[in-house]
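**Student:** I am sharing structure10.cif, which consists of mmCIF, C-alpha atoms:
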data_start
loop_
_atom_site.label_atom_id
_atom_site.label_comp_id
_atom_site.auth_asym_id
_atom_site.auth_seq_id
_atom_site.Cartn_x
_atom_site.Cartn_y
_atom_site.Cartn_z
CA MET A 357 -20.31 17.82 -1.61
CA SER A 358 -18.47 14.58 -2.18
CA PHE A 359 -16.65 12.32 0.24
CA PHE A 360 -13.60 10.13 0.28
CA ARG A 361 -14.46 6.56 1.13
CA ILE A 362 -11.24 5.31 2.73
CA THR A 363 -10.62 1.63 3.43
CA LEU A 364 -7.59 0.52 5.43
CA HIS A 365 -6.14 -2.18 3.19
CA ARG A 366 -2.68 -2.71 4.71
CA SER A 367 -1.95 -2.53 8.42
CA GLY A 368 0.20 0.23 9.87
CA ILE A 369 2.09 -2.16 12.19
CA GLY A 370 5.82 -1.47 12.23
CA LEU A 371 5.55 1.84 10.41
CA PRO A 372 6.76 5.17 11.87
CA HIS A 373 4.69 6.76 14.64
CA ARG A 374 3.85 9.70 12.41
CA THR A 375 2.29 7.37 9.84
CA ARG A 376 0.32 5.46 12.44
CA GLY A 377 -0.77 8.76 13.93
CA VAL A 378 -2.22 9.77 10.56
CA LEU A 379 -4.18 6.51 10.45
CA ARG A 380 -5.55 7.22 13.92
CA ALA A 381 -6.42 10.77 12.91
CA LEU A 382 -8.35 9.41 9.94
CA GLY A 383 -10.18 7.10 12.36
CA LEU A 384 -8.71 3.90 10.98
CA LYS A 385 -8.00 1.20 13.58
CA LYS A 386 -8.45 -2.15 11.87
CA ARG A 387 -7.81 -3.51 8.41
CA ASN A 388 -10.81 -3.33 6.08
CA GLN A 389 -12.37 -0.62 8.23
CA VAL A 390 -14.18 2.01 6.18
CA VAL A 391 -14.34 5.71 7.05
CA PHE A 392 -15.76 8.70 5.19
CA HIS A 393 -14.23 12.15 5.10
CA PRO A 394 -15.19 15.19 3.03
CA ALA A 395 -13.23 15.57 -0.21
CA GLU A 396 -11.16 18.51 0.98
CA PRO A 397 -7.46 19.37 0.68
CA GLN A 398 -6.71 18.65 4.34
CA PHE A 399 -8.02 15.08 4.08
CA ALA A 400 -6.32 14.65 0.72
CA GLY A 401 -3.05 15.52 2.41
CA MET A 402 -3.66 12.95 5.14
CA ILE A 403 -4.49 10.27 2.58
CA MET A 404 -1.29 11.17 0.76
CA LYS A 405 0.68 10.23 3.90
CA VAL A 406 -0.82 6.73 4.01
CA LYS A 407 -1.45 6.18 0.28
CA GLU A 408 0.31 2.80 0.30
CA LEU A 409 -2.02 1.49 3.01
CA VAL A 410 -5.48 2.58 1.92
CA LYS A 411 -7.95 2.25 -0.92
CA VAL A 412 -9.81 5.45 -1.75
CA GLU A 413 -13.00 6.13 -3.71
CA GLU A 414 -14.86 9.36 -4.22
CA VAL A 415 -18.53 8.95 -3.30
CA PRO A 416 -21.40 11.46 -3.34
CA ARG A 417 -22.42 10.93 0.29
CA ALA A 418 -21.11 9.39 3.49
CA LEU A 419 -22.75 6.11 4.46
CA THR A 420 -23.68 5.40 8.06
CA ARG A 421 -22.12 2.52 9.98
CA ASP A 422 -25.27 0.45 9.51
CA GLU A 423 -25.25 1.01 5.77
CA VAL A 424 -21.61 -0.05 5.52
CA LYS A 425 -22.42 -3.17 7.52
CA ALA A 426 -25.45 -3.93 5.34
CA GLU A 427 -23.20 -3.63 2.28
CA ARG A 428 -20.94 -6.44 3.35
CA THR A 429 -23.55 -8.71 4.93
CA PRO A 430 -24.22 -11.53 2.48
CA ASP A 431 -27.69 -12.62 1.44
CA PRO A 432 -28.73 -15.25 4.07
CA GLY A 433 -30.23 -17.47 1.35
CA PHE A 434 -33.49 -18.06 3.23
CA TRP A 435 -36.38 -16.15 4.71
CA VAL A 436 -38.73 -17.00 7.54
CA GLU A 437 -42.37 -17.23 6.58
CA ARG A 438 -44.92 -16.45 9.26
CA MET A 439 -48.39 -17.89 9.68
CA VAL A 440 -51.20 -15.59 8.65
CA PRO A 441 -53.07 -14.66 11.84
CA ARG A 442 -56.69 -15.88 11.75
CA MET B 1016 38.06 -32.38 9.63
CA PHE B 1017 34.76 -32.13 11.41
CA SER B 1018 32.89 -31.24 8.26
CA LEU B 1019 33.14 -34.68 6.68
CA GLY B 1020 30.62 -36.60 8.84
CA PRO B 1021 26.87 -36.84 8.28
CA PHE B 1022 26.16 -33.69 10.30
CA ARG B 1023 27.96 -30.95 8.46
CA PRO B 1024 27.98 -27.45 9.81
CA THR B 1025 25.86 -25.21 7.65
CA SER B 1026 25.72 -21.51 8.25
CA SER B 1027 22.42 -21.88 10.09
CA LEU B 1028 23.60 -24.82 12.23
CA SER B 1029 26.79 -23.17 13.33
CA GLY B 1030 25.34 -19.71 13.89
CA GLY B 1031 21.76 -20.41 14.96
CA LEU B 1032 19.10 -18.22 13.39
CA LEU B 1033 19.71 -17.30 9.77
CA TRP B 1034 17.44 -15.43 7.43
CA LYS B 1035 18.29 -15.21 3.80
CA ILE B 1036 16.77 -12.90 1.23
CA PRO B 1037 17.26 -14.09 -2.35
CA TRP B 1038 19.18 -11.64 -4.51
CA ARG B 1039 16.36 -11.18 -7.03
CA MET B 1040 12.60 -11.20 -6.89
CA SER B 1041 10.40 -13.99 -8.25
CA LYS B 1042 8.05 -13.19 -11.12
CA HIS B 1043 5.11 -13.39 -8.71
CA GLN B 1044 6.71 -10.90 -6.33
CA LYS B 1045 7.26 -8.62 -9.33
CA ARG B 1046 3.64 -8.93 -10.38
CA ARG B 1047 2.39 -8.05 -6.90
CA GLN B 1048 4.84 -5.14 -6.83
CA ARG B 1049 3.32 -3.83 -10.09
CA LEU B 1050 -0.18 -4.16 -8.66
CA ARG B 1051 0.85 -2.22 -5.56
CA LEU B 1052 2.42 0.52 -7.66
CA LYS B 1053 -0.80 0.76 -9.67
CA ALA B 1054 -2.88 0.88 -6.49
CA VAL B 1055 -0.88 3.85 -5.22
CA ASP B 1056 -1.23 5.58 -8.61
CA ASN B 1057 -4.94 4.97 -8.35
CA VAL B 1058 -5.23 6.55 -4.89
CA VAL B 1059 -3.30 9.67 -5.93
CA ASP B 1060 -5.37 9.89 -9.11
CA THR B 1061 -8.65 9.67 -7.19
CA ILE B 1062 -7.80 12.45 -4.74
CA THR B 1063 -6.33 14.66 -7.49
CA LYS B 1064 -9.50 14.35 -9.54
CA ALA B 1065 -11.76 14.93 -6.53
CA LEU B 1066 -9.95 18.16 -5.63
CA ALA B 1067 -9.83 19.32 -9.25
CA LYS B 1068 -13.59 18.90 -9.47
CA ARG B 1069 -14.04 21.27 -6.53
CA GLY B 1070 -11.61 23.72 -8.08
CA ASP B 1071 -9.29 23.62 -5.06
CA LYS B 1072 -5.61 24.30 -5.32
CA LEU B 1073 -3.74 21.01 -4.89
CA PRO B 1074 -1.72 20.67 -1.68
CA ASP B 1075 2.01 20.90 -2.35
CA GLN B 1076 2.79 17.26 -1.63
CA ILE B 1077 0.23 16.01 -4.15
CA GLN B 1078 1.40 18.47 -6.78
CA ARG B 1079 5.02 17.44 -6.28
CA TRP B 1080 4.09 13.77 -6.42
CA ASN B 1081 2.28 14.27 -9.72
CA GLU B 1082 5.18 16.23 -11.20
CA GLU B 1083 8.11 14.18 -9.98
CA MET B 1084 6.94 10.60 -9.57
CA PRO B 1085 6.62 8.38 -12.63
CA LYS B 1086 3.46 6.30 -12.93
CA GLU B 1087 3.70 2.53 -12.98
CA ASN B 1088 3.39 2.42 -16.79
CA GLU B 1089 6.07 5.08 -17.22
CA MET B 1090 8.65 3.27 -15.11
CA VAL B 1091 11.36 1.02 -16.48
CA ALA B 1092 11.73 -2.46 -14.98
CA ARG B 1093 15.04 -1.44 -13.44
CA ASP B 1094 13.30 1.13 -11.27
CA LYS B 1095 10.31 -1.03 -10.42
CA TYR B 1096 12.25 -3.97 -9.04
CA THR B 1097 15.63 -2.59 -8.01
CA MET B 1098 16.90 0.45 -6.14
CA PHE B 1099 20.12 2.37 -5.74
CA ASP B 1100 22.63 0.98 -3.25
CA ARG B 1101 26.13 2.38 -3.02
CA LYS B 1102 27.42 -0.79 -1.34
CA VAL B 1103 26.95 -2.95 -4.45
CA GLU B 1104 30.04 -2.83 -6.61
CA LYS B 1105 29.70 -2.41 -10.38
CA THR B 1106 25.91 -2.12 -10.58
CA TYR B 1107 25.09 0.09 -7.59
CA ARG B 1108 21.66 -1.61 -7.53
CA LYS B 1109 19.97 -4.05 -5.16
CA GLY B 1110 16.58 -5.73 -5.29
CA ILE B 1111 13.84 -3.50 -3.94
CA HIS B 1112 12.71 -6.43 -1.76
CA LYS B 1113 15.73 -5.76 0.47
CA LEU B 1114 14.24 -2.44 1.52
CA PRO B 1115 12.65 -2.70 4.99
CA LYS B 1116 8.81 -2.64 4.77
CA TRP B 1117 9.17 -2.59 0.99
CA THR B 1118 5.54 -3.55 0.34
CA ARG B 1119 4.30 -0.53 2.27
CA VAL B 1120 6.64 2.26 1.24
CA SER B 1121 7.11 4.06 -2.05
CA GLN B 1122 10.52 3.82 -3.70
CA ARG B 1123 10.37 4.92 -7.34
CA ILE B 1124 13.15 7.29 -8.26
CA ASN B 1125 16.93 7.26 -8.13
CA PRO B 1126 19.30 9.77 -6.55
CA PRO B 1127 20.53 12.39 -9.04
CA GLY B 1128 23.13 10.96 -11.40
CA TYR B 1129 22.05 7.31 -11.06
#
Can you present the structure in this file as structure tokens?
**Tutor:**
Amino acid sequence: MSFFRITLHRSGIGLPHRTRGVLRALGLKKRNQVVFHPAEPQFAGMIMKVKELVKVEEVPRALTRDEVKAERTPDPGFWVERMVPR
Amino acid sequence: MFSLGPFRPTSSLSGGLLWKIPWRMSKHQKRRQRLRLKAVDNVVDTITKALAKRGDKLPDQIQRWNEEMPKENEMVARDKYTMFDRKVEKTYRKGIHKLPKWTRVSQRINPPGY
């Protein structure tokens, strides 16, 4: 089973209520937010309504929120070394 | 006349707020427009392929889009950057950047006969 990875790229501000309602139904509130939905016709139809606003990829599994966050967290560039307990 | 002094009435001075939209798009606006068209093509392509892989029947709106809408590379420049407008004499075309929310709506084809 594959998933659509949907990123809100353009905001829905100023667009018709129906369009913004579709964004809400997809669970998209903020720009650059990422949601996952199963690759099924009903979600394809919803994406079709907001195709100018989103970026879509097909991925094999849905990531959790933490995984999405880890994906965009940059490498800190340092690590803390601890003393070896004696 | 009052228009000969240093402070001449321009359309914005005499009327207050004035917004002007240039009659044609810059080459950079056109480039971004092409990128947006390609991005939409990409989205439709992705969902079409995903559903085809499952063997589902395509929803009507996606099927119609694929049949009726030209892709970015199939469109002529006239359709990418201008749109039909009955108010314009002679050409019946205006720049697509005059369309409200033009960066977030799809406008690709002409009414029948134009």
**Student:** Chain B residues within 6 Å of chain A, counting only C-alpha atoms: which ones, as a short mmCIF file (atom, residue, chain, number, x, y, z; two decimals) with C-alpha atoms, keeping the file's coordinate frame?
**Tutor:**
data_model
loop_
_atom_site.label_atom_id
_atom_site.label_comp_id
_atom_site.auth_asym_id
_atom_site.auth_seq_id
_atom_site.Cartn_x
_atom_site.Cartn_y
_atom_site.Cartn_z
CA VAL B 1055 -0.88 3.85 -5.22
CA VAL B 1058 -5.23 6.55 -4.89
CA ARG B 1119 4.30 -0.53 2.27
#
**Student:** Please write as a PyMOL selection string the full residue list that the PyMOL selection byres ((chain A and resi 420-432) around 10) yields on this file.
**Tutor:** chain A and resi 389-392+417-419+433-435
**Student:** Enter the distance from CA of Lys1105 (chain B) to CA of Tyr1129 (chain B), in Å, rounded to one decimal.
**Tutor:** 12.4 Å
**Student:** For Arg1101 (chain B), which residue out of B:Gly1031, B:Pro1126, B:Gly1020, B:Pro1037 is the nearest one, using only C-alpha atoms?
**Tutor:**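 Using only C-alpha atoms, Arg1101 (chain B) sits closest to B:Pro1126.
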**Student:** For the file shown, report as a short mmCIF file (atom, residue, chain, number, x, y, z; two decimals) with C-alpha atoms, keeping the file's coordinate frame the outcome of the PyMOL selection byres ((chain B and resi 1052) around 12) at residue level.
**Tutor:**
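The resulting file, expr02.cif, is shown below:
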data_model
loop_
_atom_site.label_atom_id
_atom_site.label_comp_id
_atom_site.auth_asym_id
_atom_site.auth_seq_id
_atom_site.Cartn_x
_atom_site.Cartn_y
_atom_site.Cartn_z
CA LYS A 407 -1.45 6.18 0.28
CA GLU A 408 0.31 2.80 0.30
CA LEU A 409 -2.02 1.49 3.01
CA LYS B 1045 7.26 -8.62 -9.33
CA ARG B 1046 3.64 -8.93 -10.38
CA ARG B 1047 2.39 -8.05 -6.90
CA GLN B 1048 4.84 -5.14 -6.83
CA ARG B 1049 3.32 -3.83 -10.09
CA LEU B 1050 -0.18 -4.16 -8.66
CA ARG B 1051 0.85 -2.22 -5.56
CA LYS B 1053 -0.80 0.76 -9.67
CA ALA B 1054 -2.88 0.88 -6.49
CA VAL B 1055 -0.88 3.85 -5.22
CA ASP B 1056 -1.23 5.58 -8.61
CA ASN B 1057 -4.94 4.97 -8.35
CA VAL B 1058 -5.23 6.55 -4.89
CA VAL B 1059 -3.30 9.67 -5.93
CA MET B 1084 6.94 10.60 -9.57
CA PRO B 1085 6.62 8.38 -12.63
CA LYS B 1086 3.46 6.30 -12.93
CA GLU B 1087 3.70 2.53 -12.98
CA ASN B 1088 3.39 2.42 -16.79
CA GLU B 1089 6.07 5.08 -17.22
CA MET B 1090 8.65 3.27 -15.11
CA ASP B 1094 13.30 1.13 -11.27
CA LYS B 1095 10.31 -1.03 -10.42
CA TYR B 1096 12.25 -3.97 -9.04
CA TRP B 1117 9.17 -2.59 0.99
CA THR B 1118 5.54 -3.55 0.34
CA ARG B 1119 4.30 -0.53 2.27
CA VAL B 1120 6.64 2.26 1.24
CA SER B 1121 7.11 4.06 -2.05
CA GLN B 1122 10.52 3.82 -3.70
CA ARG B 1123 10.37 4.92 -7.34
#
**Student:** Set the distance at 8 Å and use all atoms listed in the file: which residues neighbour Lys1109 (chain B) once local chain neighbours fewer than 6 positions away are removed? I'd like the list as an MDAnalysis selection string.
**Tutor:** chainID B and resid 1038 1097:1100 1103
**Student:** Between B:Pro1021, B:Ala1092, B:Lys1064, B:Gln1076, which residue has the minimum interatomic distance to Lys1042 (chain B), considering only C-alpha atoms?
**Tutor:**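 Closest to Lys1042 (chain B) of all the choices is B:Ala1092.
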**Student:** One number please: CA of Arg387 (chain A) to CA of Thr363 (chain A), in Å, one decimal.
**Tutor:** 7.7 Å
